[in-house]
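K.L.:
Mind looking over this structure? Questions follow.
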Amino acid sequence: MCFWIFLFATFFRDAFMRFVCYFFPNLEVGDFEVDEDLDPYYETLDEKSKDWFLKEEENTRQKLKFQVMMDENYL
């Protein structure tokens with residue numbers, strides 16, 4: 001049953017949303033921009049958290065052979 005609901009929702013999502021928004025115009029999601037004027041995540045961390053964050057990245061690069069952070073943020 002879940003498969004058929006998911007399949008129906010996948011193929012007819014746009015038509016269904018137009019139908020719902022026609023009868024319930026308040027449900028329509030508009031295009032808006034969120035600007036909360038927040039500092040970058042890494043700059044808000046205290047020194048202990050920054051050190052842990054860098055050690056975790058170092059371990060990921062050495063042991064798992066991939067990177068999570070971009071190089072310019074890591075250095």
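Labeling convention for the structure tokens: chains A, B, ... as they appear, residues from 1 per chain, ligands from 1 in order of appearance.
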Could you pull out the helix (DSSP H, G or I) residues of region 18-70 of chain A, going by DSSP on the backbone, and write them as a PyMOL selection string?
P.N.:
chain A and resi 18-23+25-27+41-44+47-64
K.L.:
Can you list, as an NGL selection string, every protein, DNA or RNA residue that comes within 8 Å of region 54-65 of chain A when you count only C-alpha atoms, leaving out same-chain residues fewer than 4 positions away?
P.N.:
:A and (50 or 69 or 74)
K.L.:
Pick out the closest residue to Pro40 (chain A) from this set: A:Asp14, A:Trp4, A:Ala9, A:Asn73. Count only C-alpha atoms.
P.N.:
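The answer is A:Asn73, which sits nearest to Pro40 (chain A).
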